[in-house]
There are 2 protein chains.
Amino acid sequence: MEEENCVFCKIVKGELPCHKLAEEEVAIAFLDINPCSPGHALVIPKKHYERLEDMPREEVEKLIGLAHEVAKAIVKAVNADGFNLGINNGRAAGQEIMHVHFNIIPRFQGDGGRPIQSLVKVEVKESLEEVAKKIREAWSKPNL
Amino acid sequence: MEEENCVFCKIVKGELPCHKLAEEEVAIAFLDINPCSPGHALVIPKKHYERLEDMPREEVEKLIGLAHEVAKAIVKAVNADGFNLGINNGRAAGQEIMHVHFNIIPRFQGDGGRPIQSLVKVEVKESLEEVAKKIREAWSKPNL
């Protein structure tokens, strides 16, 4: 998706309205218009990045720093018992708007919901040691 | 849960084994022993914090900085099409081990899984504007 057609870029630029919660240099937070629960918010980088891999580490850190603070405010405001904070990164992971966004989804005792581990179950054919070895090799490459 | 009985604290101290992927000053990453998909990893702070709210912002940022880099290595190593990165924060959100941990769950085209928005559906009774106002008020308090 091009930046000029991106709804989140339009929200950042003020060309589309949002229920803004907080703003910092790198990121803004606003309410999801199709909330999964009261206080469901999105935290996005102001710059257009399609996927988390495209962002520099420093901007990811600042994005999550804001998410952390906003999540605390949401918990107090809606009297939540907890929350899920997470991202669908890539279409295979359920991403629909191709501009990085973290969801803060407040959770309430007995809300009937599930943990993040419920999202998918794919059989692991290799041993954990083999998987770990491949990841360590990828991690050690300078061009990551 | 007390720190001395915490399995993740034992992993950090080397008293329990793990398939370690990476380590930095603040955080370590290792494979989940009950993987949802190949390469499913956990990223945790070395210090014992039960919930995200208990952590200083700087440590949350460094934790996610490591998660970001490890996720990139995992995607390359297992040839994933995407991933979910997220936390169950608090028992109501599905947290079982009471030491902060982010899940990196690799996703694959056609894996039959769901997005994070599928975790829960709780009716929102107030208007979004009312919810946003309460959150902004909580956010503006200095003792957050």
# chains A, B, ... in the order shown; residues from 1 in each chain; ligands from 1
call {"tool": "residues_around", "arguments": {"residues": "Pro106 in chain B", "least_positions_apart": "4", "cutoff": "12 Å", "atoms": "only C-alpha atoms", "output": "ChimeraX atom specification"}}
result
/A:87-94,117,119-124 /B:31-32,35-42,70-86,111,113
call {"tool": "residues_around", "arguments": {"residues": "Ala27 in chain B", "least_positions_apart": "2", "cutoff": "9 Å", "atoms": "only C-alpha atoms", "output": "list in words"}}
result
Val12, Ala22, Glu23, Glu24, Glu25, Ala29, Val43, Ile44, Pro45, Lys46, Lys47, Glu59, Lys62, Leu63, Ile64, Leu66 and Ala67 of chain B
call {"tool": "write_last_selection", "arguments": {"atoms": "all heavy atoms", "output": "compact mmCIF listing (two decimals), in the first residue's frame"}}
result
# COMPACT_ATOMS: atom_id res chain seq x y z
N VAL B 12 16.78 -17.48 33.81
CA VAL B 12 17.72 -16.34 33.75
C VAL B 12 19.00 -16.67 34.52
O VAL B 12 20.11 -16.41 34.06
CB VAL B 12 17.07 -15.06 34.33
CG1 VAL B 12 18.11 -13.96 34.52
CG2 VAL B 12 15.94 -14.58 33.41
N ALA B 22 19.27 -15.34 22.30
CA ALA B 22 20.00 -14.07 22.36
C ALA B 22 19.90 -13.52 23.77
O ALA B 22 18.97 -13.85 24.52
CB ALA B 22 19.40 -13.07 21.37
N GLU B 23 20.86 -12.70 24.11
CA GLU B 23 20.87 -12.10 25.45
C GLU B 23 21.45 -10.70 25.37
O GLU B 23 22.41 -10.46 24.64
CB GLU B 23 21.71 -12.98 26.40
CG GLU B 23 21.80 -12.41 27.79
CD GLU B 23 22.35 -13.40 28.83
OE1 GLU B 23 22.60 -14.56 28.48
OE2 GLU B 23 22.51 -12.97 29.99
N GLU B 24 20.84 -9.80 26.10
CA GLU B 24 21.38 -8.44 26.24
C GLU B 24 21.36 -8.10 27.73
O GLU B 24 21.04 -8.94 28.56
CB GLU B 24 20.55 -7.44 25.43
CG GLU B 24 20.72 -7.61 23.92
CD GLU B 24 19.98 -6.58 23.08
OE1 GLU B 24 19.07 -5.90 23.62
OE2 GLU B 24 20.29 -6.45 21.90
N GLU B 25 21.68 -6.85 28.04
CA GLU B 25 21.78 -6.46 29.45
C GLU B 25 20.45 -6.65 30.20
O GLU B 25 20.42 -7.16 31.32
CB GLU B 25 22.20 -4.99 29.53
CG GLU B 25 22.67 -4.56 30.91
CD GLU B 25 22.86 -3.05 30.99
OE1 GLU B 25 23.02 -2.42 29.93
OE2 GLU B 25 22.82 -2.53 32.12
N ALA B 29 16.15 -14.00 25.26
CA ALA B 29 15.17 -14.63 24.38
C ALA B 29 15.50 -16.11 24.27
O ALA B 29 16.67 -16.49 24.16
CB ALA B 29 15.23 -13.98 22.99
N VAL B 43 10.51 -13.59 24.95
CA VAL B 43 11.49 -12.58 25.30
C VAL B 43 11.08 -12.03 26.66
O VAL B 43 9.93 -11.58 26.83
CB VAL B 43 11.56 -11.45 24.25
CG1 VAL B 43 12.73 -10.52 24.56
CG2 VAL B 43 11.72 -12.04 22.86
N ILE B 44 11.99 -12.11 27.63
CA ILE B 44 11.64 -11.75 29.01
C ILE B 44 12.68 -10.80 29.61
O ILE B 44 13.86 -10.84 29.23
CB ILE B 44 11.51 -13.01 29.91
CG1 ILE B 44 12.89 -13.63 30.18
CG2 ILE B 44 10.59 -14.05 29.29
CD1 ILE B 44 12.87 -14.70 31.27
N PRO B 45 12.25 -9.96 30.55
CA PRO B 45 13.24 -9.16 31.29
C PRO B 45 13.99 -10.07 32.26
O PRO B 45 13.41 -11.03 32.79
CB PRO B 45 12.38 -8.14 32.04
CG PRO B 45 11.05 -8.81 32.21
CD PRO B 45 10.87 -9.70 31.01
N LYS B 46 15.27 -9.78 32.48
CA LYS B 46 16.03 -10.60 33.44
C LYS B 46 15.54 -10.38 34.86
O LYS B 46 15.56 -11.30 35.67
CB LYS B 46 17.51 -10.27 33.32
CG LYS B 46 18.14 -10.74 32.01
CD LYS B 46 19.64 -10.45 32.07
CE LYS B 46 20.32 -10.86 30.79
NZ LYS B 46 21.74 -10.44 30.80
N LYS B 47 15.14 -9.17 35.15
CA LYS B 47 14.58 -8.89 36.48
C LYS B 47 13.16 -9.42 36.56
O LYS B 47 12.45 -9.45 35.55
CB LYS B 47 14.57 -7.38 36.75
CG LYS B 47 15.89 -6.85 37.28
CD LYS B 47 15.84 -5.37 37.54
CE LYS B 47 14.97 -4.98 38.73
NZ LYS B 47 15.10 -3.51 39.02
N GLU B 59 13.12 -0.10 30.49
CA GLU B 59 13.34 -1.55 30.40
C GLU B 59 12.38 -2.20 29.41
O GLU B 59 12.74 -3.14 28.71
CB GLU B 59 13.25 -2.21 31.78
CG GLU B 59 14.45 -1.87 32.64
CD GLU B 59 14.55 -2.72 33.90
OE1 GLU B 59 14.25 -3.93 33.87
OE2 GLU B 59 14.92 -2.16 34.95
N LYS B 62 13.88 -1.60 26.02
CA LYS B 62 15.02 -2.48 25.70
C LYS B 62 14.55 -3.91 25.45
O LYS B 62 15.10 -4.63 24.61
CB LYS B 62 16.06 -2.41 26.81
CG LYS B 62 16.83 -1.09 26.77
CD LYS B 62 17.79 -0.95 27.93
CE LYS B 62 18.47 0.42 27.88
NZ LYS B 62 19.10 0.78 29.16
N LEU B 63 13.55 -4.33 26.22
CA LEU B 63 12.98 -5.67 26.03
C LEU B 63 12.44 -5.82 24.62
O LEU B 63 12.71 -6.82 23.92
CB LEU B 63 11.86 -5.85 27.06
CG LEU B 63 11.05 -7.14 27.05
CD1 LEU B 63 11.89 -8.30 27.55
CD2 LEU B 63 9.80 -7.00 27.94
N ILE B 64 11.69 -4.83 24.16
CA ILE B 64 11.09 -4.92 22.83
C ILE B 64 12.11 -4.68 21.73
O ILE B 64 12.00 -5.21 20.63
CB ILE B 64 9.90 -3.94 22.72
CG1 ILE B 64 8.80 -4.37 23.68
CG2 ILE B 64 9.36 -3.88 21.29
CD1 ILE B 64 8.18 -5.71 23.36
N LEU B 66 15.08 -5.90 21.84
CA LEU B 66 15.63 -7.25 21.62
C LEU B 66 14.63 -8.13 20.87
O LEU B 66 14.98 -8.85 19.94
CB LEU B 66 16.02 -7.90 22.96
CG LEU B 66 16.59 -9.32 22.85
CD1 LEU B 66 17.89 -9.34 22.03
CD2 LEU B 66 16.85 -9.94 24.23
N ALA B 67 13.37 -8.05 21.28
CA ALA B 67 12.33 -8.86 20.61
C ALA B 67 12.29 -8.56 19.12
O ALA B 67 12.16 -9.47 18.29
CB ALA B 67 10.96 -8.58 21.24
call {"tool": "select_by_dssp", "arguments": {"residues": "range 18-91 of chain B", "states": "strand (DSSP E)", "output": "PyMOL selection string"}}
result
chain B and resi 20-23+27-31+41-45+82-89
call {"tool": "atom_distance", "arguments": {"atom1": "CA of Ala138 in chain B", "atom2": "CA of His68 in chain A"}}
result
13.5 Å
